[in-house]
Number of protein chains: 2
Amino acid sequence: MKDSQIAQAISQLANELRGVEFLFSSQEVSEYGSDYTEDLYFPPTAVCFPTTTQEVSLVMKFCFDHNISVFTRGAGTGLSGACLSVSEGLVLSTKKLNRIVNIDTQNLTATVESGVVNAHLKEAVEAVGLYYPPDPASQGSCSIGGNLAHGAGGPRAVKYGITRDYVLNLEVVLPNGQIIWTGANTLKNSTGFSLTHLMVGSEGMLGIITQAVLKLIPKPTQELLMVAAFADLSDCARAVNQVLLSKYKPCAIELMEKSGVEISMVATQTAFPTHPSAEAYLLFAFDGFEGEDLFAQAEGIFGILDNHNALDILPSPNADTSAAWWKVRRAIGETVKQVSPYKEEDTVVPRSAMPGLLKKVKEIGDQYGFQSVCYGHAGDGNLHVNILKNDLSDEYWHHEIPKAITEIFEYCKSVGGTISGEHGIGLVQAPYLPIVMGDAHFQLFRGIKETFDPKRILNPGKWLG
Amino acid sequence: MKDSQIAQAISQLANELRGVEFLFSSQEVSEYGSDYTEDLYFPPTAVCFPTTTQEVSLVMKFCFDHNISVFTRGAGTGLSGACLSVSEGLVLSTKKLNRIVNIDTQNLTATVESGVVNAHLKEAVEAVGLYYPPDPASQGSCSIGGNLAHGAGGPRAVKYGITRDYVLNLEVVLPNGQIIWTGANTLKNSTGFSLTHLMVGSEGMLGIITQAVLKLIPKPTQELLMVAAFADLSDCARAVNQVLLSKYKPCAIELMEKSGVEISMVATQTAFPTHPSAEAYLLFAFDGFEGEDLFAQAEGIFGILDNHNALDILPSPNADTSAAWWKVRRAIGETVKQVSPYKEEDTVVPRSAMPGLLKKVKEIGDQYGFQSVCYGHAGDGNLHVNILKNDLSDEYWHHEIPKAITEIFEYCKSVGGTISGEHGIGLVQAPYLPIVMGDAHFQLFRGIKETFDPKRILNPGKWLG
């Protein structure tokens, strides 16, 4: 245990809250020092695991009175380092706030504590014929609270929207321990400034989300996948636009660069319909209630892809194959990480600017001498750019590559895009935020922060300093 | 012209901005003294009509320097009095900020100035095969800026969502004249606190929206309407829930009380399929790309309604009949107004609580002796409660009826609802806001207001004082 005043104060808190688990030893807290972001490591002073909103409130009251920084942590699957404790303080894990409080089959809503894992919610609602669409790649382990705090998306956003679109109401513990509900359990709400939407994407800097009322929809019963290979990225992007202008409504349109598919296939030992001349692949998913309708959609889109010079177009013959294709897609992020240290940039641009962005990334890569693996959500213009360290020197990695990233983000801005589509700013995107936000924005951000957290105890050291 | 210091200062501004139209005479400004809310009348000191963002910025710089209150006004179709100039100051009309800047058929977005009329945008995008779904009852005259400022909805929200769901990026003039874009022109954005979503529903109290980048979708080519009559409101509500649990996806499910339909039919001299035993009607709309699919949906829902004791279920035979049915529905609000002075409450509850709410409204009506006409969006739990003055005394109307409204809103809160689904708080809902928002909320609201508008010159005198 660290022998600082802060650590001592947290010990006192642990003594006062006997029912709440606290970790203090270096060994125990170490696993809470990193998330899924690059190779960052910031071991916290201590970690606590409240099990109720009331306990979160008591922790916050104490920390407010004692000026102790609090870093809220969901499942630790974030890709921006937003949850990391970059200075002394208490990591508040929502791991034990993991109850599905209610599934309302009449109103198609679920009330969940913020530590509930995305996939657990999905399973629970699917058991009663309902569906919670937001599906980040880490859905098997990420928490709803983390999804909310980062404004998470996922492949199905192209048809169903993102986490933000499914939030009706949030229970939030404010830095001083006060508990509020931000809105109402209604599908529409125009009652005061939207605190609900302000909390979404606020990265643990304004309050601690303890419960969420989420919208559900009837569960689609059918899914069909289709893969198309392209030799030319512009063809590929034009095909996507044409599909989205059509009457067909795929639930996912995923873009994968050749290298990403290859790395993921090897790492997962999973088959995927590759083509020797392909530069990129599109993975289409269709869902609905009638197999016939899905086939009609796939057929219609087949025609569009064919008209845009697809090399090969293959519908999945069965569920096992579909699962394999999804596996290859979902594993790209993690498997690229195994190849080399990397930096992942969550670029997002108007959809039609995606081929230009990809071309620009490759040009900048040539110029700076780095390899990149790109993949992402073609229907949303959200391209994950993974820059691999390979044999670049540490010096070059830490000092030159950020210049390359700056160039990539400046290009995104120039075409109407921005620096994060669904990962958030956190720690690693913080230096780049001024590319898209000026003094006026920062002044507003600081004022909002000051309003919620006058003592600046919630998640300090990130993009607001 | 009023001979106050403020009026003199505004005259000075008008002199400095020769290119901008200003109105000063009592006669000219009088039409800007009211909106569609009840019988409120607050004639402004002056009205100005900037034609560019730059002119809005210059107006604000001047008003900021001279501490002049500014009341932004769209088309004046609001139902909460939010745009009214309740104290001396300048009404800034967005009427001449009416350019559709760009319709991007590749990215399915439109960039519009905030004074563009909702229906004009619809027409323009439909001409190129695209669609902007949000459809407030006043869509023929209301402005996009007003829709944004109030978080407006409309019948099609049940399938397509509300105004908020179609906003990607906003150009905003801050009270000091600074111009910012709140986000990026992308479908996803997780870059800092969402200023975009904070502006939606902010009722002209944080900044002036001058341009919006909006999301479009491919235009459905087919529409089908169906009316069902019910003798029992609980049957009616249960039928709605069952429909929304099914695989069918109507684009609108409108509930109309018998009296609303009757008043509207007489006022508009339009036919509607009434039933002598009906207490309420449901109007279903289906849209899509295949007539066959729409008929299949209508047939499926016919079965559900039939199982829930619908008295009569009638699909519309042709477009003229559909237009007539929509006309009767859309005109209820306005025509009720012609019968008597009224107060309209924009109640919203979890959908399944709607029959209970309607019952409660009638009970409270019996107790206080008022007639009410209710209608609204059954798929969203958003019930417009129109309380008619009829022969109630002014004294009773102004002092006793608010107590009845308080009881209605307290009931909404007790079942998880709130006091406005899509009209906003403005002036007339302001006294009731504390029913659903406590001190902690108001403190946050005030801090946000202070951050954006430290001199409190934007839309003073409403729900934040």
# chains A, B, ... in the order shown; residues from 1 in each chain; ligands from 1

call {"tool": "closest_atom_pairs", "arguments": {"of": "chain A", "to": "chain B", "cutoff": "7 Å", "atoms": "only C-alpha atoms", "output": "JSON lines"}}
result
{"residue": "A:Gln106", "atom": "CA", "partner": "B:Asn241", "partner_atom": "CA", "distance": 6.1}
{"residue": "A:Asn107", "atom": "CA", "partner": "B:Arg351", "partner_atom": "CA", "distance": 5.8}
{"residue": "A:His150", "atom": "CA", "partner": "B:Ser190", "partner_atom": "CA", "distance": 6.6}
{"residue": "A:Gly151", "atom": "CA", "partner": "B:Ser190", "partner_atom": "CA", "distance": 5.7}
{"residue": "A:Ala184", "atom": "CA", "partner": "B:Gly417", "partner_atom": "CA", "distance": 5.4}
{"residue": "A:Asn185", "atom": "CA", "partner": "B:Gly416", "partner_atom": "CA", "distance": 5.3}
{"residue": "A:Thr186", "atom": "CA", "partner": "B:Pro350", "partner_atom": "CA", "distance": 5.0}
{"residue": "A:Leu187", "atom": "CA", "partner": "B:Asp380", "partner_atom": "CA", "distance": 5.7}
{"residue": "A:Lys188", "atom": "CA", "partner": "B:Gly421", "partner_atom": "CA", "distance": 4.9}
{"residue": "A:Asn189", "atom": "CA", "partner": "B:Gly421", "partner_atom": "CA", "distance": 4.3}
{"residue": "A:Ser190", "atom": "CA", "partner": "B:Gly424", "partner_atom": "CA", "distance": 4.9}
{"residue": "A:Thr191", "atom": "CA", "partner": "B:Ser420", "partner_atom": "CA", "distance": 5.5}
{"residue": "A:Gly192", "atom": "CA", "partner": "B:Ile425", "partner_atom": "CA", "distance": 6.8}
{"residue": "A:Phe193", "atom": "CA", "partner": "B:Ser202", "partner_atom": "CA", "distance": 5.4}
{"residue": "A:Ser194", "atom": "CA", "partner": "B:Leu198", "partner_atom": "CA", "distance": 5.9}
{"residue": "A:His197", "atom": "CA", "partner": "B:His197", "partner_atom": "CA", "distance": 6.1}
{"residue": "A:Leu198", "atom": "CA", "partner": "B:Ser194", "partner_atom": "CA", "distance": 5.9}
{"residue": "A:Gly201", "atom": "CA", "partner": "B:Ser190", "partner_atom": "CA", "distance": 6.1}
{"residue": "A:Ser202", "atom": "CA", "partner": "B:Phe193", "partner_atom": "CA", "distance": 5.5}
{"residue": "A:Pro218", "atom": "CA", "partner": "B:Leu245", "partner_atom": "CA", "distance": 5.8}
{"residue": "A:Asn241", "atom": "CA", "partner": "B:Gln106", "partner_atom": "CA", "distance": 6.1}
{"residue": "A:Leu245", "atom": "CA", "partner": "B:Pro218", "partner_atom": "CA", "distance": 5.8}
{"residue": "A:Ser246", "atom": "CA", "partner": "B:Pro218", "partner_atom": "CA", "distance": 6.7}
{"residue": "A:Lys247", "atom": "CA", "partner": "B:Phe289", "partner_atom": "CA", "distance": 6.6}
{"residue": "A:Phe289", "atom": "CA", "partner": "B:Lys247", "partner_atom": "CA", "distance": 6.6}
{"residue": "A:Val348", "atom": "CA", "partner": "B:Thr186", "partner_atom": "CA", "distance": 6.7}
{"residue": "A:Val349", "atom": "CA", "partner": "B:Thr186", "partner_atom": "CA", "distance": 5.6}
{"residue": "A:Pro350", "atom": "CA", "partner": "B:Thr186", "partner_atom": "CA", "distance": 5.0}
{"residue": "A:Arg351", "atom": "CA", "partner": "B:Asn107", "partner_atom": "CA", "distance": 5.8}
{"residue": "A:Ser352", "atom": "CA", "partner": "B:Asn107", "partner_atom": "CA", "distance": 6.0}
{"residue": "A:Asp380", "atom": "CA", "partner": "B:Leu187", "partner_atom": "CA", "distance": 5.7}
{"residue": "A:Gly416", "atom": "CA", "partner": "B:Asn185", "partner_atom": "CA", "distance": 5.3}
{"residue": "A:Gly417", "atom": "CA", "partner": "B:Ala184", "partner_atom": "CA", "distance": 5.4}
{"residue": "A:Thr418", "atom": "CA", "partner": "B:Ala184", "partner_atom": "CA", "distance": 6.0}
{"residue": "A:Ile419", "atom": "CA", "partner": "B:Thr191", "partner_atom": "CA", "distance": 6.7}
{"residue": "A:Ser420", "atom": "CA", "partner": "B:Ser190", "partner_atom": "CA", "distance": 5.3}
{"residue": "A:Gly421", "atom": "CA", "partner": "B:Asn189", "partner_atom": "CA", "distance": 4.3}
{"residue": "A:Glu422", "atom": "CA", "partner": "B:Ser190", "partner_atom": "CA", "distance": 5.2}
{"residue": "A:His423", "atom": "CA", "partner": "B:Ser190", "partner_atom": "CA", "distance": 6.6}
{"residue": "A:Gly424", "atom": "CA", "partner": "B:Ser190", "partner_atom": "CA", "distance": 4.9}
{"residue": "A:Ile425", "atom": "CA", "partner": "B:Thr191", "partner_atom": "CA", "distance": 6.0}
{"residue": "A:Leu444", "atom": "CA", "partner": "B:Thr451", "partner_atom": "CA", "distance": 6.1}
{"residue": "A:Phe445", "atom": "CA", "partner": "B:Phe193", "partner_atom": "CA", "distance": 6.7}
{"residue": "A:Gly447", "atom": "CA", "partner": "B:Thr451", "partner_atom": "CA", "distance": 5.0}
{"residue": "A:Ile448", "atom": "CA", "partner": "B:Ile448", "partner_atom": "CA", "distance": 5.8}
{"residue": "A:Thr451", "atom": "CA", "partner": "B:Gly447", "partner_atom": "CA", "distance": 5.0}
{"residue": "A:Phe452", "atom": "CA", "partner": "B:Leu444", "partner_atom": "CA", "distance": 6.6}

call {"tool": "residues_around", "arguments": {"residues": "Leu427 (chain A)", "least_positions_apart": "4", "cutoff": "7 Å", "atoms": "only C-alpha atoms", "output": "mmCIF file with N, CA, C and O atoms, in the first residue's frame"}}
result
data_model
loop_
_atom_site.group_PDB
_atom_site.id
_atom_site.type_symbol
_atom_site.label_atom_id
_atom_site.label_comp_id
_atom_site.auth_asym_id
_atom_site.auth_seq_id
_atom_site.Cartn_x
_atom_site.Cartn_y
_atom_site.Cartn_z
ATOM 1 N N SER A 80 -9.261 4.209 -25.569
ATOM 2 C CA SER A 80 -8.692 5.561 -25.529
ATOM 3 C C SER A 80 -7.975 5.834 -24.215
ATOM 4 O O SER A 80 -7.469 6.919 -23.995
ATOM 5 N N GLY A 81 -7.956 4.842 -23.342
ATOM 6 C CA GLY A 81 -7.317 5.038 -22.036
ATOM 7 C C GLY A 81 -8.113 5.932 -21.112
ATOM 8 O O GLY A 81 -7.593 6.411 -20.095
ATOM 9 N N ALA A 82 -9.403 6.145 -21.429
ATOM 10 C CA ALA A 82 -10.199 7.117 -20.673
ATOM 11 C C ALA A 82 -10.376 6.747 -19.208
ATOM 12 O O ALA A 82 -10.546 7.613 -18.365
ATOM 13 N N LYS A 462 -7.114 13.920 -18.109
ATOM 14 C CA LYS A 462 -7.438 13.515 -19.481
ATOM 15 C C LYS A 462 -7.532 14.762 -20.363
ATOM 16 O O LYS A 462 -6.743 15.678 -20.188
ATOM 17 N N TRP A 463 -8.490 14.800 -21.259
ATOM 18 C CA TRP A 463 -8.477 15.858 -22.261
ATOM 19 C C TRP A 463 -8.896 17.232 -21.763
ATOM 20 O O TRP A 463 -8.771 18.214 -22.487
#

call {"tool": "residues_around", "arguments": {"residues": "Leu90 (chain A)", "least_positions_apart": "5", "cutoff": "6 Å", "atoms": "only C-alpha atoms", "output": "list in words"}}
result
Ala46, Val47 and Val70 of chain A

call {"tool": "closest_residue", "arguments": {"among": "A:Lys215, A:Lys389, A:Arg329, A:His120", "to": "Ala271 (chain A)", "atoms": "only C-alpha atoms"}}
result
A:Arg329

call {"tool": "atom_distance", "arguments": {"atom1": "CA of Ser234 (chain A)", "atom2": "CA of Thr274 (chain A)"}}
result
18.7 Å

call {"tool": "residues_around", "arguments": {"residues": "region 395-403 of chain B", "least_positions_apart": "6", "cutoff": "9 Å", "atoms": "only C-alpha atoms", "output": "list in words"}}
result
Tyr368, Phe370, Ile387, Lys389 and Tyr432 of chain B

call {"tool": "write_last_selection", "arguments": {"atoms": "all heavy atoms", "output": "PDB file, in the first residue's frame"}}
result
ATOM      1  N   TYR B 368     -62.330  18.562 -11.307  1.00  0.00           N
ATOM      2  CA  TYR B 368     -62.187  20.015 -11.462  1.00  0.00           C
ATOM      3  C   TYR B 368     -63.239  20.610 -12.404  1.00  0.00           C
ATOM      4  O   TYR B 368     -63.297  21.810 -12.589  1.00  0.00           O
ATOM      5  CB  TYR B 368     -60.793  20.364 -11.977  1.00  0.00           C
ATOM      6  CG  TYR B 368     -59.710  20.304 -10.926  1.00  0.00           C
ATOM      7  CD1 TYR B 368     -59.065  19.111 -10.627  1.00  0.00           C
ATOM      8  CD2 TYR B 368     -59.341  21.454 -10.222  1.00  0.00           C
ATOM      9  CE1 TYR B 368     -58.080  19.043  -9.664  1.00  0.00           C
ATOM     10  CE2 TYR B 368     -58.355  21.402  -9.244  1.00  0.00           C
ATOM     11  CZ  TYR B 368     -57.723  20.194  -8.977  1.00  0.00           C
ATOM     12  OH  TYR B 368     -56.747  20.143  -8.016  1.00  0.00           O
ATOM     13  N   PHE B 370     -63.585  20.191 -15.832  1.00  0.00           N
ATOM     14  CA  PHE B 370     -63.189  20.666 -17.162  1.00  0.00           C
ATOM     15  C   PHE B 370     -63.382  19.572 -18.209  1.00  0.00           C
ATOM     16  O   PHE B 370     -63.354  18.374 -17.897  1.00  0.00           O
ATOM     17  CB  PHE B 370     -61.754  21.202 -17.183  1.00  0.00           C
ATOM     18  CG  PHE B 370     -60.679  20.186 -16.893  1.00  0.00           C
ATOM     19  CD1 PHE B 370     -60.308  19.213 -17.837  1.00  0.00           C
ATOM     20  CD2 PHE B 370     -59.980  20.216 -15.679  1.00  0.00           C
ATOM     21  CE1 PHE B 370     -59.299  18.301 -17.571  1.00  0.00           C
ATOM     22  CE2 PHE B 370     -58.975  19.289 -15.405  1.00  0.00           C
ATOM     23  CZ  PHE B 370     -58.639  18.328 -16.363  1.00  0.00           C
ATOM     24  N   ILE B 387     -57.024  20.907 -22.475  1.00  0.00           N
ATOM     25  CA  ILE B 387     -58.038  21.245 -21.473  1.00  0.00           C
ATOM     26  C   ILE B 387     -58.782  22.475 -21.983  1.00  0.00           C
ATOM     27  O   ILE B 387     -58.173  23.515 -22.259  1.00  0.00           O
ATOM     28  CB  ILE B 387     -57.363  21.533 -20.116  1.00  0.00           C
ATOM     29  CG1 ILE B 387     -56.619  20.276 -19.647  1.00  0.00           C
ATOM     30  CG2 ILE B 387     -58.384  21.988 -19.081  1.00  0.00           C
ATOM     31  CD1 ILE B 387     -55.788  20.479 -18.402  1.00  0.00           C
ATOM     32  N   LYS B 389     -61.426  25.635 -21.886  1.00  0.00           N
ATOM     33  CA  LYS B 389     -61.939  26.595 -20.897  1.00  0.00           C
ATOM     34  C   LYS B 389     -63.463  26.576 -20.896  1.00  0.00           C
ATOM     35  O   LYS B 389     -64.098  26.639 -19.843  1.00  0.00           O
ATOM     36  CB  LYS B 389     -61.425  28.000 -21.217  1.00  0.00           C
ATOM     37  CG  LYS B 389     -61.824  29.048 -20.177  1.00  0.00           C
ATOM     38  CD  LYS B 389     -61.018  30.320 -20.370  1.00  0.00           C
ATOM     39  CE  LYS B 389     -61.362  31.395 -19.339  1.00  0.00           C
ATOM     40  NZ  LYS B 389     -62.649  32.021 -19.526  1.00  0.00           N
ATOM     41  N   TYR B 432     -44.317  23.976 -13.790  1.00  0.00           N
ATOM     42  CA  TYR B 432     -44.454  22.562 -13.446  1.00  0.00           C
ATOM     43  C   TYR B 432     -43.127  21.796 -13.480  1.00  0.00           C
ATOM     44  O   TYR B 432     -43.064  20.642 -13.083  1.00  0.00           O
ATOM     45  CB  TYR B 432     -45.455  21.892 -14.404  1.00  0.00           C
ATOM     46  CG  TYR B 432     -46.755  22.651 -14.495  1.00  0.00           C
ATOM     47  CD1 TYR B 432     -47.077  23.413 -15.618  1.00  0.00           C
ATOM     48  CD2 TYR B 432     -47.650  22.639 -13.428  1.00  0.00           C
ATOM     49  CE1 TYR B 432     -48.266  24.130 -15.689  1.00  0.00           C
ATOM     50  CE2 TYR B 432     -48.845  23.353 -13.484  1.00  0.00           C
ATOM     51  CZ  TYR B 432     -49.147  24.096 -14.616  1.00  0.00           C
ATOM     52  OH  TYR B 432     -50.311  24.806 -14.675  1.00  0.00           O
TER      53      TYR B 432
END

call {"tool": "closest_residue", "arguments": {"among": "B:Cys142, B:Met265, B:Ala119, B:Met354", "to": "Thr94 (chain B)", "atoms": "only C-alpha atoms"}}
result
B:Cys142

call {"tool": "closest_residue", "arguments": {"among": "A:Pro43, A:Pro50, A:Pro250, A:Gly260", "to": "Gly19 (chain A)", "atoms": "only C-alpha atoms"}}
result
A:Pro50

call {"tool": "select_by_dssp", "arguments": {"residues": "region 64-287 of chain A", "states": "alpha helix (DSSP H)", "output": "MDAnalysis selection string"}}
result
chainID A and resid 64:65 118:126 144:150 157:160 195:199 233:245 258:268

call {"tool": "atom_distance", "arguments": {"atom1": "CA of Leu314 (chain A)", "atom2": "CA of Ile332 (chain A)"}}
result
20.3 Å

call {"tool": "atom_distance", "arguments": {"atom1": "CA of Ala110 (chain B)", "atom2": "CA of Leu214 (chain B)"}}
result
5.2 Å

call {"tool": "residues_around", "arguments": {"residues": "His275 (chain A)", "least_positions_apart": "5", "cutoff": "12 Å", "atoms": "only C-alpha atoms", "output": "JSON, numbers by chain"}}
result
{"A": [227, 228, 229, 230, 231, 258, 261, 262, 280, 281, 310, 311, 312, 313, 314]}

call {"tool": "residues_around", "arguments": {"residues": "His384 (chain B)", "least_positions_apart": "2", "cutoff": "6 Å", "atoms": "only C-alpha atoms", "output": "PyMOL selection string"}}
result
chain B and resi 345-346+374-376
